[in-house]
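Containing TSV, C-alpha atoms and all ligand atoms: entry12.tsv.
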```tsv
chain	number	residue	atom	x	y	z
A	1	MET	CA	-26.99	38.08	-25.39
A	2	ASP	CA	-24.82	35.07	-26.13
A	3	ASP	CA	-25.51	31.92	-24.12
A	4	LYS	CA	-28.80	33.29	-22.82
A	5	LEU	CA	-31.03	31.64	-25.39
A	6	MET	CA	-34.18	30.09	-23.95
A	7	LEU	CA	-35.60	27.58	-26.41
A	8	MET	CA	-39.35	27.48	-26.29
A	9	ILE	CA	-39.78	25.78	-29.63
A	10	PRO	CA	-41.02	22.21	-29.93
A	11	GLY	CA	-37.62	20.83	-30.86
A	12	PRO	CA	-34.78	21.11	-30.56
A	13	THR	CA	-35.65	21.56	-26.89
A	14	PRO	CA	-33.33	22.74	-24.10
A	15	VAL	CA	-30.61	20.31	-23.06
A	16	PRO	CA	-29.65	20.02	-19.37
A	17	GLU	CA	-26.04	20.73	-18.45
A	18	THR	CA	-25.60	17.16	-17.22
A	19	ALA	CA	-26.29	15.92	-20.74
A	20	LEU	CA	-24.16	18.59	-22.42
A	21	LEU	CA	-21.21	17.68	-20.22
A	22	ALA	CA	-21.78	13.97	-20.77
A	23	MET	CA	-21.31	14.59	-24.51
A	24	ALA	CA	-18.18	16.69	-24.11
A	25	LYS	CA	-15.68	13.89	-24.40
A	26	HIS	CA	-13.95	11.75	-27.00
A	27	PRO	CA	-16.20	9.27	-28.77
A	28	ILE	CA	-15.65	5.64	-27.82
A	29	GLY	CA	-15.66	2.66	-30.18
A	30	HIS	CA	-19.16	1.43	-30.86
A	31	ARG	CA	-17.96	-2.18	-30.79
A	32	SER	CA	-16.39	-1.76	-27.35
A	33	SER	CA	-17.69	-3.30	-24.15
A	34	ASP	CA	-18.03	0.22	-22.72
A	35	PHE	CA	-20.49	1.08	-25.46
A	36	SER	CA	-22.38	-2.19	-25.00
A	37	LYS	CA	-22.93	-1.33	-21.36
A	38	ILE	CA	-24.41	2.03	-22.30
A	39	MET	CA	-26.54	0.43	-25.00
A	40	ALA	CA	-27.91	-2.10	-22.49
A	41	GLU	CA	-28.74	0.61	-19.97
A	42	VAL	CA	-30.40	3.03	-22.39
A	43	THR	CA	-32.43	0.26	-24.02
A	44	GLU	CA	-33.73	-0.82	-20.62
A	45	ASN	CA	-34.62	2.74	-19.70
A	46	LEU	CA	-36.25	3.41	-23.07
A	47	LYS	CA	-38.58	0.49	-22.42
A	48	TRP	CA	-39.41	2.00	-19.06
A	49	LEU	CA	-40.14	5.36	-20.72
A	50	HIS	CA	-42.37	3.71	-23.33
A	51	GLN	CA	-44.13	1.56	-20.72
A	52	THR	CA	-43.36	-1.50	-22.83
A	53	LYS	CA	-41.64	-4.85	-22.71
A	54	ASN	CA	-41.30	-4.82	-26.50
A	55	ASP	CA	-38.28	-3.72	-28.48
A	56	VAL	CA	-37.39	-0.04	-28.55
A	57	LEU	CA	-34.85	0.40	-31.33
A	58	ILE	CA	-32.48	3.32	-31.72
A	59	LEU	CA	-31.68	4.82	-35.12
A	60	ALA	CA	-29.27	7.51	-36.22
A	61	SER	CA	-32.01	9.71	-37.69
A	62	SER	CA	-34.40	12.49	-36.85
A	63	GLY	CA	-38.01	11.74	-35.93
A	64	THR	CA	-39.00	11.49	-39.59
A	65	GLY	CA	-36.51	8.66	-40.12
A	66	ALA	CA	-38.03	6.80	-37.17
A	67	MET	CA	-41.53	7.22	-38.62
A	68	GLU	CA	-40.37	6.20	-42.09
A	69	ALA	CA	-38.84	3.06	-40.57
A	70	GLY	CA	-42.11	2.47	-38.70
A	71	ILE	CA	-44.03	2.60	-41.96
A	72	ILE	CA	-41.79	0.76	-44.43
A	73	ASN	CA	-40.83	-2.27	-42.35
A	74	PHE	CA	-44.33	-3.63	-41.97
A	75	LEU	CA	-46.09	-2.97	-45.27
A	76	SER	CA	-46.01	-3.96	-48.94
A	77	PRO	CA	-46.50	-1.96	-52.16
A	78	GLY	CA	-50.18	-1.26	-52.81
A	79	ASP	CA	-51.28	-1.82	-49.20
A	80	HIS	CA	-54.17	0.34	-48.06
A	81	VAL	CA	-53.50	2.60	-45.11
A	82	LEU	CA	-55.55	5.22	-43.28
A	83	CYS	CA	-53.63	8.31	-42.30
A	84	GLY	CA	-54.87	10.95	-39.88
A	85	CYS	CA	-54.13	14.40	-41.30
A	86	ASN	CA	-54.84	17.49	-39.22
A	87	GLY	CA	-51.50	19.24	-39.44
A	88	LYS	CA	-48.07	19.31	-40.98
A	89	PHE	CA	-46.91	16.00	-39.51
A	90	GLY	CA	-50.01	13.99	-40.36
A	91	ASP	CA	-49.63	15.28	-43.93
A	92	ARG	CA	-45.98	14.23	-43.93
A	93	TRP	CA	-46.83	10.61	-43.08
A	94	ALA	CA	-49.34	10.56	-45.94
A	95	GLU	CA	-46.50	11.78	-48.20
A	96	VAL	CA	-44.09	9.11	-46.96
A	97	ALA	CA	-46.68	6.37	-47.43
A	98	THR	CA	-47.48	7.66	-50.93
A	99	ALA	CA	-43.79	7.86	-51.83
A	100	TYR	CA	-43.48	4.14	-51.07
A	101	GLY	CA	-46.43	3.20	-53.23
A	102	LEU	CA	-49.01	2.64	-50.52
A	103	GLN	CA	-52.65	3.49	-51.17
A	104	VAL	CA	-53.34	6.24	-48.73
A	105	GLU	CA	-56.76	7.27	-47.53
A	106	LYS	CA	-56.55	10.50	-45.57
A	107	ILE	CA	-58.80	11.15	-42.62
A	108	THR	CA	-58.67	14.89	-42.26
A	109	ALA	CA	-59.67	17.57	-39.82
A	110	GLU	CA	-59.14	21.29	-39.97
A	111	TRP	CA	-55.72	22.39	-38.67
A	112	GLY	CA	-56.24	23.25	-35.02
A	113	LYS	CA	-59.02	20.68	-34.54
A	114	PRO	CA	-58.55	17.09	-33.38
A	115	LEU	CA	-59.19	14.12	-35.66
A	116	ALA	CA	-62.68	12.68	-35.18
A	117	PRO	CA	-62.26	9.03	-34.02
A	118	GLU	CA	-65.70	8.40	-35.50
A	119	ASN	CA	-64.28	8.81	-39.01
A	120	PHE	CA	-61.77	6.05	-38.30
A	121	ARG	CA	-64.53	3.84	-36.91
A	122	GLN	CA	-66.62	4.22	-40.05
A	123	GLN	CA	-63.76	3.37	-42.42
A	124	LEU	CA	-62.57	0.45	-40.33
A	125	GLU	CA	-66.03	-1.04	-39.82
A	126	ALA	CA	-66.80	-0.72	-43.54
A	127	ASP	CA	-63.63	-2.64	-44.40
A	128	GLN	CA	-65.10	-6.14	-44.26
A	129	ASP	CA	-62.42	-7.54	-46.60
A	130	LYS	CA	-59.69	-6.33	-44.24
A	131	LYS	CA	-57.91	-4.35	-46.92
A	132	ILE	CA	-56.68	-1.71	-44.48
A	133	LYS	CA	-53.24	-2.81	-43.31
A	134	ALA	CA	-52.31	0.12	-41.11
A	135	VAL	CA	-53.66	3.22	-39.45
A	136	ILE	CA	-51.14	6.04	-39.06
A	137	VAL	CA	-51.87	8.69	-36.44
A	138	THR	CA	-49.95	11.56	-34.88
A	139	GLN	CA	-50.75	11.82	-31.19
A	140	SER	CA	-49.44	15.32	-30.50
A	141	GLU	CA	-49.71	17.34	-33.73
A	142	THR	CA	-46.90	19.79	-33.11
A	143	SER	CA	-47.81	22.13	-35.94
A	144	THR	CA	-51.09	23.08	-34.27
A	145	GLY	CA	-50.78	22.07	-30.61
A	146	VAL	CA	-53.55	19.49	-30.94
A	147	LEU	CA	-53.62	16.21	-29.02
A	148	ASN	CA	-55.42	13.52	-30.99
A	149	ASP	CA	-57.43	10.86	-29.17
A	150	ILE	CA	-55.17	7.85	-29.70
A	151	LYS	CA	-57.01	5.68	-27.18
A	152	THR	CA	-60.34	5.84	-28.96
A	153	ILE	CA	-58.86	5.57	-32.45
A	154	ASN	CA	-56.82	2.59	-31.27
A	155	SER	CA	-59.93	0.87	-29.91
A	156	TYR	CA	-61.43	0.95	-33.44
A	157	VAL	CA	-58.20	-0.37	-34.92
A	158	LYS	CA	-58.32	-3.24	-32.42
A	159	ALA	CA	-61.97	-3.97	-33.31
A	160	HIS	CA	-60.89	-4.17	-36.99
A	161	GLY	CA	-58.41	-6.82	-35.99
A	162	GLU	CA	-56.11	-6.78	-39.01
A	163	ALA	CA	-54.66	-3.27	-39.28
A	164	LEU	CA	-51.57	-2.19	-37.40
A	165	ILE	CA	-51.56	1.11	-35.56
A	166	ILE	CA	-48.50	3.25	-36.24
A	167	VAL	CA	-48.18	6.23	-33.92
A	168	ASP	CA	-46.14	9.40	-34.31
A	169	ALA	CA	-45.30	10.03	-30.67
A	170	VAL	CA	-42.50	12.47	-31.39
A	171	THR	CA	-43.81	15.19	-29.07
A	172	SER	CA	-45.65	12.70	-26.85
A	173	ILE	CA	-42.95	10.47	-25.39
A	174	GLY	CA	-41.71	12.12	-22.21
A	175	ALA	CA	-44.63	14.55	-22.14
A	176	VAL	CA	-47.93	12.71	-22.22
A	177	ASP	CA	-49.00	9.30	-20.96
A	178	LEU	CA	-48.85	6.78	-23.82
A	179	PRO	CA	-48.94	3.30	-22.28
A	180	VAL	CA	-47.63	1.34	-25.25
A	181	ASP	CA	-48.27	-2.18	-23.92
A	182	GLU	CA	-51.57	-1.43	-22.23
A	183	LEU	CA	-52.89	-0.07	-25.54
A	184	ALA	CA	-51.06	-2.75	-27.53
A	185	LEU	CA	-49.68	-0.12	-29.90
A	186	ASP	CA	-47.84	-1.83	-32.74
A	187	VAL	CA	-45.34	0.84	-33.77
A	188	VAL	CA	-44.48	4.02	-31.87
A	189	ALA	CA	-41.91	6.47	-33.24
A	190	SER	CA	-40.14	9.44	-31.65
A	191	GLY	CA	-36.99	11.56	-31.83
A	192	SER	CA	-34.27	12.71	-29.46
A	193	GLN	CA	-34.61	16.50	-29.75
A	194	LYS	CA	-38.06	16.57	-28.18
A	195	GLY	CA	-39.07	15.10	-24.80
A	196	TYR	CA	-35.77	13.24	-24.48
A	197	MET	CA	-33.94	16.49	-23.68
A	198	ILE	CA	-30.92	15.79	-25.87
A	199	PRO	CA	-29.83	17.28	-29.21
A	200	PRO	CA	-31.25	16.09	-32.55
A	201	GLY	CA	-29.84	12.93	-34.11
A	202	LEU	CA	-31.50	9.85	-32.63
A	203	GLY	CA	-34.79	8.28	-33.67
A	204	PHE	CA	-36.64	5.69	-31.61
A	205	VAL	CA	-39.11	3.03	-32.73
A	206	ALA	CA	-41.01	0.75	-30.37
A	207	VAL	CA	-42.19	-2.39	-32.18
A	208	GLY	CA	-44.70	-4.93	-30.88
A	209	ALA	CA	-45.19	-8.62	-31.68
A	210	LYS	CA	-47.95	-8.11	-34.24
A	211	ALA	CA	-45.78	-5.67	-36.18
A	212	TRP	CA	-42.88	-8.13	-36.13
A	213	SER	CA	-45.05	-10.79	-37.70
A	214	ALA	CA	-46.07	-8.30	-40.41
A	215	TYR	CA	-42.35	-7.62	-40.90
A	216	GLU	CA	-41.87	-11.23	-42.03
A	217	THR	CA	-44.03	-10.76	-45.12
A	218	ALA	CA	-43.63	-7.02	-45.75
A	219	LYS	CA	-42.15	-6.27	-49.16
A	220	LEU	CA	-41.33	-2.57	-49.26
A	221	PRO	CA	-37.62	-1.99	-49.88
A	222	ARG	CA	-35.49	-1.37	-46.79
A	223	TYR	CA	-31.85	-1.34	-45.95
A	224	TYR	CA	-30.47	1.32	-43.58
A	225	LEU	CA	-33.84	1.48	-41.87
A	226	ASP	CA	-34.37	-2.31	-41.81
A	227	LEU	CA	-35.53	-2.69	-38.22
A	228	GLY	CA	-34.79	-6.41	-38.20
A	229	LYS	CA	-31.09	-5.52	-38.31
A	230	TYR	CA	-31.46	-3.22	-35.31
A	231	ARG	CA	-33.39	-5.83	-33.35
A	232	LYS	CA	-30.80	-8.52	-34.05
A	233	ASP	CA	-27.94	-6.30	-32.92
A	234	ALA	CA	-29.83	-4.81	-29.96
A	235	ALA	CA	-30.05	-8.35	-28.57
A	236	LYS	CA	-26.24	-8.21	-28.38
A	237	ASN	CA	-26.28	-4.63	-27.02
A	238	SER	CA	-25.00	-3.36	-30.31
A	239	THR	CA	-26.10	-1.45	-33.39
A	240	PRO	CA	-25.83	-2.44	-37.07
A	241	PHE	CA	-24.16	0.83	-38.14
A	242	THR	CA	-21.97	3.40	-36.42
A	243	PRO	CA	-24.25	5.27	-34.01
A	244	PRO	CA	-23.64	8.87	-32.83
A	245	VAL	CA	-21.99	7.58	-29.65
A	246	ASN	CA	-21.81	10.96	-27.93
A	247	LEU	CA	-25.57	11.30	-28.20
A	248	PHE	CA	-25.80	7.99	-26.36
A	249	PHE	CA	-23.79	9.55	-23.50
A	250	ALA	CA	-26.34	12.34	-23.35
A	251	LEU	CA	-29.27	9.93	-23.60
A	252	GLN	CA	-27.88	7.84	-20.77
A	253	ALA	CA	-27.81	10.98	-18.62
A	254	THR	CA	-31.29	12.28	-19.44
A	255	LEU	CA	-32.97	8.89	-19.08
A	256	LYS	CA	-31.50	8.71	-15.57
A	257	MET	CA	-32.91	12.18	-14.87
A	258	MET	CA	-36.29	11.07	-16.14
A	259	LYS	CA	-36.28	7.97	-13.96
A	260	ASN	CA	-35.48	10.12	-10.96
A	261	GLU	CA	-38.35	12.44	-11.73
A	262	GLY	CA	-40.76	9.56	-12.42
A	263	LEU	CA	-43.28	9.18	-15.24
A	264	GLU	CA	-46.25	10.49	-13.25
A	265	ASN	CA	-44.33	13.62	-12.28
A	266	ILE	CA	-43.12	14.19	-15.82
A	267	PHE	CA	-46.66	14.03	-17.19
A	268	ALA	CA	-48.00	16.20	-14.35
A	269	ARG	CA	-45.30	18.82	-15.00
A	270	HIS	CA	-46.22	19.03	-18.66
A	271	GLN	CA	-49.91	19.31	-17.76
A	272	ARG	CA	-49.11	22.14	-15.38
A	273	LEU	CA	-47.02	24.00	-17.96
A	274	MET	CA	-49.75	23.55	-20.55
A	275	LYS	CA	-52.52	24.77	-18.24
A	276	THR	CA	-50.50	27.75	-17.09
A	277	THR	CA	-49.56	28.79	-20.61
A	278	ARG	CA	-53.08	28.44	-21.96
A	279	ALA	CA	-54.72	30.28	-19.06
A	280	ALA	CA	-52.22	33.15	-19.29
A	281	VAL	CA	-52.56	33.47	-23.06
A	282	LYS	CA	-56.33	33.57	-22.71
A	283	ALA	CA	-56.00	36.24	-20.02
A	284	LEU	CA	-54.07	38.31	-22.57
A	285	GLN	CA	-57.13	38.04	-24.84
A	286	LEU	CA	-55.23	36.03	-27.43
A	287	PRO	CA	-57.11	33.10	-29.02
A	288	LEU	CA	-55.64	29.61	-28.82
A	289	LEU	CA	-55.60	27.48	-31.95
A	290	SER	CA	-56.57	24.18	-30.30
A	291	PRO	CA	-59.53	23.60	-27.97
A	292	ASP	CA	-58.92	22.86	-24.26
A	293	GLU	CA	-60.21	19.30	-24.59
A	294	ALA	CA	-57.63	18.49	-27.30
A	295	ALA	CA	-54.64	20.50	-26.09
A	296	SER	CA	-51.12	19.16	-26.47
A	297	PRO	CA	-49.09	19.20	-23.24
A	298	ALA	CA	-45.98	19.79	-25.38
A	299	ILE	CA	-46.88	22.96	-27.20
A	300	THR	CA	-49.40	25.78	-27.27
A	301	ALA	CA	-50.28	27.47	-30.56
A	302	VAL	CA	-51.55	31.03	-30.33
A	303	ALA	CA	-53.55	32.69	-33.09
A	304	PRO	CA	-53.38	36.44	-32.45
A	305	PRO	CA	-55.89	38.83	-34.02
A	306	PRO	CA	-54.89	40.34	-37.39
A	307	GLU	CA	-53.65	43.60	-35.82
A	308	VAL	CA	-51.00	41.65	-33.91
A	309	ASP	CA	-48.27	40.31	-36.18
A	310	ALA	CA	-47.19	36.85	-34.95
A	311	GLU	CA	-43.78	37.22	-36.57
A	312	LYS	CA	-43.20	40.58	-34.89
A	313	ILE	CA	-44.02	39.03	-31.52
A	314	ARG	CA	-41.45	36.33	-32.18
A	315	ALA	CA	-38.88	38.89	-33.25
A	316	ILE	CA	-39.34	40.99	-30.09
A	317	MET	CA	-39.27	37.94	-27.83
A	318	LYS	CA	-36.02	36.88	-29.44
A	319	LYS	CA	-34.33	40.27	-29.57
A	320	ARG	CA	-35.25	41.64	-26.14
A	321	PHE	CA	-35.58	38.46	-24.12
A	322	ASP	CA	-33.56	35.79	-25.96
A	323	ILE	CA	-36.67	33.61	-25.97
A	324	ALA	CA	-37.11	31.55	-29.14
A	325	LEU	CA	-40.73	30.80	-30.04
A	326	ALA	CA	-41.82	28.83	-33.10
A	327	GLY	CA	-43.80	30.27	-35.99
A	328	GLY	CA	-46.59	28.73	-37.99
A	329	GLN	CA	-46.03	26.16	-40.73
A	330	GLU	CA	-47.49	26.00	-44.25
A	331	HIS	CA	-50.69	28.09	-44.52
A	332	LEU	CA	-50.37	29.06	-40.85
A	333	LYS	CA	-47.03	30.78	-41.50
A	334	GLY	CA	-47.27	34.30	-40.10
A	335	GLN	CA	-50.71	33.51	-38.68
A	336	ILE	CA	-49.75	31.86	-35.42
A	337	PHE	CA	-46.87	31.55	-32.99
A	338	ARG	CA	-46.17	28.49	-30.90
A	339	ILE	CA	-44.86	28.28	-27.35
A	340	GLY	CA	-43.03	25.03	-26.69
A	341	HIS	CA	-43.11	23.67	-23.13
A	342	LEU	CA	-41.61	20.28	-23.83
A	343	GLY	CA	-38.80	18.41	-22.16
A	344	PHE	CA	-36.35	20.28	-19.95
A	345	VAL	CA	-38.75	23.12	-19.21
A	346	SER	CA	-39.91	24.31	-15.83
A	347	GLU	CA	-42.42	26.75	-14.38
A	348	ARG	CA	-39.74	29.43	-14.38
A	349	GLU	CA	-39.49	29.45	-18.17
A	350	VAL	CA	-43.24	29.67	-18.58
A	351	MET	CA	-43.47	32.60	-16.14
A	352	SER	CA	-40.67	34.39	-18.01
A	353	ALA	CA	-42.24	33.75	-21.39
A	354	ILE	CA	-45.62	35.10	-20.32
A	355	ALA	CA	-44.07	38.22	-18.78
A	356	ALA	CA	-42.00	38.78	-21.94
A	357	LEU	CA	-45.06	38.23	-24.11
A	358	GLU	CA	-46.88	41.01	-22.25
A	359	VAL	CA	-44.03	43.40	-22.98
A	360	ALA	CA	-43.96	42.37	-26.65
A	361	LEU	CA	-47.72	42.94	-26.97
A	362	GLN	CA	-47.42	46.35	-25.35
A	363	GLU	CA	-44.55	47.26	-27.63
A	364	LEU	CA	-46.78	46.40	-30.58
A	365	GLY	CA	-49.52	48.65	-29.19
A	366	TYR	CA	-51.95	45.82	-28.47
A	367	GLU	CA	-54.17	47.13	-25.71
A	368	CYS	CA	-56.95	44.60	-25.45
A	369	PHE	CA	-55.77	43.15	-22.16
A	370	THR	CA	-55.41	44.42	-18.63
A	371	PRO	CA	-51.69	44.97	-18.00
A	372	ARG	CA	-50.13	42.24	-15.84
A	373	GLU	CA	-53.17	39.98	-16.26
A	374	GLY	CA	-51.10	37.30	-18.04
A	375	VAL	CA	-48.51	37.08	-15.29
A	376	ALA	CA	-51.18	37.28	-12.58
A	377	THR	CA	-53.09	34.41	-14.18
A	378	ALA	CA	-49.99	32.29	-14.65
A	379	SER	CA	-48.97	32.70	-11.03
A	380	ARG	CA	-52.49	31.95	-9.87
A	381	VAL	CA	-52.63	28.71	-11.86
A	382	LEU	CA	-49.22	27.65	-10.59
A	383	ALA	CA	-50.11	28.48	-7.00
A	384	GLN	CA	-53.20	26.31	-7.28
A	385	SER	CA	-51.56	23.31	-8.91
B	401	LIG	C1	-40.52	17.07	-34.65
B	401	LIG	C2	-41.60	16.16	-35.09
B	401	LIG	C3	-41.38	15.13	-36.01
B	401	LIG	C4	-40.05	14.80	-36.59
B	401	LIG	O1	-39.39	15.81	-37.20
B	401	LIG	P1	-37.82	15.64	-37.51
B	401	LIG	O2	-37.47	17.01	-37.94
B	401	LIG	O3	-37.68	14.63	-38.54
B	401	LIG	O4	-37.20	15.22	-36.21
B	401	LIG	C5	-42.41	14.29	-36.33
B	401	LIG	N1	-43.62	14.45	-35.80
B	401	LIG	C6	-43.90	15.40	-34.91
B	401	LIG	C7	-45.27	15.47	-34.35
B	401	LIG	C8	-42.89	16.29	-34.53
B	401	LIG	O5	-43.15	17.23	-33.62
```
Show this structure as structure tokens.
Ligand SMILES: *Cc1c(COP(=O)(O)O)cnc(C)c1O
Amino acid sequence: MDDKLMLMIPGPTPVPETALLAMAKHPIGHRSSDFSKIMAEVTENLKWLHQTKNDVLILASSGTGAMEAGIINFLSPGDHVLCGCNGKFGDRWAEVATAYGLQVEKITAEWGKPLAPENFRQQLEADQDKKIKAVIVTQSETSTGVLNDIKTINSYVKAHGEALIIVDAVTSIGAVDLPVDELALDVVASGSQKGYMIPPGLGFVAVGAKAWSAYETAKLPRYYLDLGKYRKDAAKNSTPFTPPVNLFFALQATLKMMKNEGLENIFARHQRLMKTTRAAVKALQLPLLSPDEAASPAITAVAPPPEVDAEKIRAIMKKRFDIALAGGQEHLKGQIFRIGHLGFVSEREVMSAIAALEVALQELGYECFTPREGVATASRVLAQS
């Protein structure tokens, strides 16, 4: 049915009506005082969201552009970097770093498992000559629903002393606690179509003092993504290039919504949605890809048994219920389906998705679960939390 679509993919995520309406007007000039006021307000609120006093710069890009900016502004050709790879996004950052001529050492884990902080510790402690210039880690690995242990990995980076930590927080910001200043994270990148609850098109990069001093000597080529330009103009509540101004209207609206809800409540809501989804999926006798102790609050990846076709489940969910779920990526294509519960998502959507999933499983003739056990479990978890 038209207009009924319920997005339960990990980006683009649902956009609240307040933000949609905020965008539905003529663009304004980006050199106008009206725009400067919006720029000042959203920058302030972005710092609040990132729990930082540092710069949070806004780019016209998707999340990948923000990460690319986070990598290229602070490094030089031939620099050694460690890159955590346990999913599609970790692999992408290794590709970006390689494309720019960095020497990449991958720290890998099986897709669906978290990165072992111990492997970072070993590499960093062995690096007596301080050759490692940066450690690149994805906190919430969206392709598998795994939450990597940024705090512990970061503590080893801090003990090393020289390397910067560059964090992909694309499905973390606005979903999971990532206290940027408390952890002294050097670079944190994210994108608008995830926890920010607005359409795709804006990238965000938080940059700390240590990264800015690396910027002074970094020699990789940069122009459109030269963060120094964005910092200079942000100080005047402006942007170096024409920004998608209507997305700023939407961002202004959703950041206000987020402030009203409060960080603690936002994180608690995502925890609740995650716990409910995982418990219900387990009650349906469907295995989860990631372990409970490393579960992403943004997304749950489900690995059904071979007799249940993940793509058929997605097709039924879409056709009968207008619920969009995500499929698997790369070698997990067709093997898993992913339920996004990120951003503008409430308990109602999770209840609906679980009920619809039960119908889809029954339609496919999967009889390994007690009928209604998914919904019963979901309501029990919600009633208790
Ligand atoms: C969505 C996402 C990105 C960015 O993807 P874009 O399509 O470039 O916005 C990066 N990392 C993670 C973990 C993501 O979920």
Write out, as a Markdown table, each residue of chain A that has an atom at most 9 Å from ligand LIG 401 (chain B), together with the closest pair of atoms and their distance in Å to one decimal, counting only C-alpha atoms and all ligand atoms, rows going by chain and rising number.
```
| residue | atom | partner | partner_atom | distance |
| --- | --- | --- | --- | --- |
| A:Pro10 | CA | B:LIG401 | O5 | 6.6 |
| A:Gly11 | CA | B:LIG401 | C1 | 6.1 |
| A:Pro12 | CA | B:LIG401 | C1 | 8.1 |
| A:Ser61 | CA | B:LIG401 | O3 | 7.6 |
| A:Ser62 | CA | B:LIG401 | O4 | 4.0 |
| A:Gly63 | CA | B:LIG401 | O4 | 3.6 |
| A:Thr64 | CA | B:LIG401 | O3 | 3.6 |
| A:Gly65 | CA | B:LIG401 | O3 | 6.3 |
| A:Ala66 | CA | B:LIG401 | O3 | 8.0 |
| A:Met67 | CA | B:LIG401 | C5 | 7.5 |
| A:Gly87 | CA | B:LIG401 | C7 | 8.9 |
| A:Lys88 | CA | B:LIG401 | C7 | 8.2 |
| A:Phe89 | CA | B:LIG401 | N1 | 5.2 |
| A:Gly90 | CA | B:LIG401 | C7 | 7.8 |
| A:Arg92 | CA | B:LIG401 | C5 | 8.4 |
| A:Trp93 | CA | B:LIG401 | N1 | 8.8 |
| A:Thr138 | CA | B:LIG401 | C7 | 6.1 |
| A:Gln139 | CA | B:LIG401 | C7 | 7.3 |
| A:Ser140 | CA | B:LIG401 | C7 | 5.7 |
| A:Glu141 | CA | B:LIG401 | C7 | 4.9 |
| A:Thr142 | CA | B:LIG401 | O5 | 4.6 |
| A:Ser143 | CA | B:LIG401 | O5 | 7.1 |
| A:Asp168 | CA | B:LIG401 | N1 | 5.8 |
| A:Ala169 | CA | B:LIG401 | C7 | 6.6 |
| A:Val170 | CA | B:LIG401 | C6 | 4.8 |
| A:Thr171 | CA | B:LIG401 | O5 | 5.0 |
| A:Ser172 | CA | B:LIG401 | C7 | 8.0 |
| A:Ala189 | CA | B:LIG401 | C5 | 8.4 |
| A:Ser190 | CA | B:LIG401 | C5 | 7.1 |
| A:Gly191 | CA | B:LIG401 | O4 | 5.7 |
| A:Ser192 | CA | B:LIG401 | O4 | 7.8 |
| A:Gln193 | CA | B:LIG401 | O4 | 7.1 |
| A:Lys194 | CA | B:LIG401 | C1 | 6.9 |
| A:Pro200 | CA | B:LIG401 | O4 | 7.0 |
| A:Gly201 | CA | B:LIG401 | O4 | 8.0 |
| A:Leu202 | CA | B:LIG401 | O4 | 8.6 |
| A:Gly203 | CA | B:LIG401 | O4 | 7.8 |
```
Item checked: Nearest to Gly145 of chain A, chosen from A:Met274, A:Met317, A:Ala283, A:Ala69, with all atoms listed in the file counted in the distances -> A:Met274
Notebook entry, point to check: Of the candidates A:Ile165, A:Leu263, A:Leu115, A:Ala175, which shows the shortest atom-to-atom distance to Ser296 of chain A, using only C-alpha atoms?
Noted result: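 The answer is A:Ala175, which sits nearest to Ser296 of chain A.
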Notebook entry, point to check: From the set A:Gly161, A:Pro287, A:Gly365, A:Gly374, which residue has the shortest atom-to-atom contact distance to Ser352 of chain A, counting only C-alpha atoms?
Noted result: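 Counting only C-alpha atoms, the residue closest to Ser352 of chain A is A:Gly374.
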Checklist line | Using only C-alpha atoms: which of A:Arg314, A:Leu332, A:Thr108, A:Leu57 has the shortest distance to Lys229 of chain A | finding: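 Of the candidates, the smallest distance to Lys229 of chain A is held by A:Leu57.
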Margin query: So, with only C-alpha atoms as the atoms that count, which of A:Met351, A:Leu102, A:Glu367, A:Arg121 lies closest to Val308 of chain A?
Written below: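 Using only C-alpha atoms, Val308 of chain A sits closest to A:Glu367.
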Notebook entry, point to check: Restricting the calculation to only C-alpha atoms, which member of A:Glu44, A:Asp309, A:Asp79, A:Asp55 is positioned closest to Thr98 of chain A?
Noted result: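 Smallest separation from Thr98 of chain A among the options: A:Asp79.
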Item checked: Between atom CA of Leu164 of chain A and atom CA of Ile136 of chain A - distance in Å to one decimal -> 8.4 Å
How would segment 168-175 of chain A look written as a CSV table (one decimal), in the first residue's frame with N, CA and C atoms?
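That gives us out_5.csv:
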```csv
chain,number,residue,atom,x,y,z
A,168,ASP,N,34.3,4.9,13.1
A,168,ASP,CA,33.1,4.9,12.3
A,168,ASP,C,31.9,4.7,13.3
A,169,ALA,N,31.2,5.8,13.5
A,169,ALA,CA,30.1,5.8,14.5
A,169,ALA,C,28.8,6.0,13.7
A,170,VAL,N,28.8,5.6,12.5
A,170,VAL,CA,27.6,5.9,11.6
A,170,VAL,C,26.3,5.3,12.2
A,171,THR,N,26.3,4.1,12.7
A,171,THR,CA,25.1,3.6,13.4
A,171,THR,C,25.2,3.6,14.9
A,172,SER,N,26.1,4.4,15.4
A,172,SER,CA,26.3,4.6,16.9
A,172,SER,C,25.7,5.9,17.4
A,173,ILE,N,26.0,7.0,16.7
A,173,ILE,CA,25.6,8.3,17.1
A,173,ILE,C,24.0,8.3,17.1
A,174,GLY,N,23.5,8.7,18.3
A,174,GLY,CA,22.0,8.7,18.4
A,174,GLY,C,21.5,7.3,18.7
A,175,ALA,N,22.3,6.4,19.1
A,175,ALA,CA,21.8,5.0,19.4
A,175,ALA,C,22.5,4.4,20.6
```
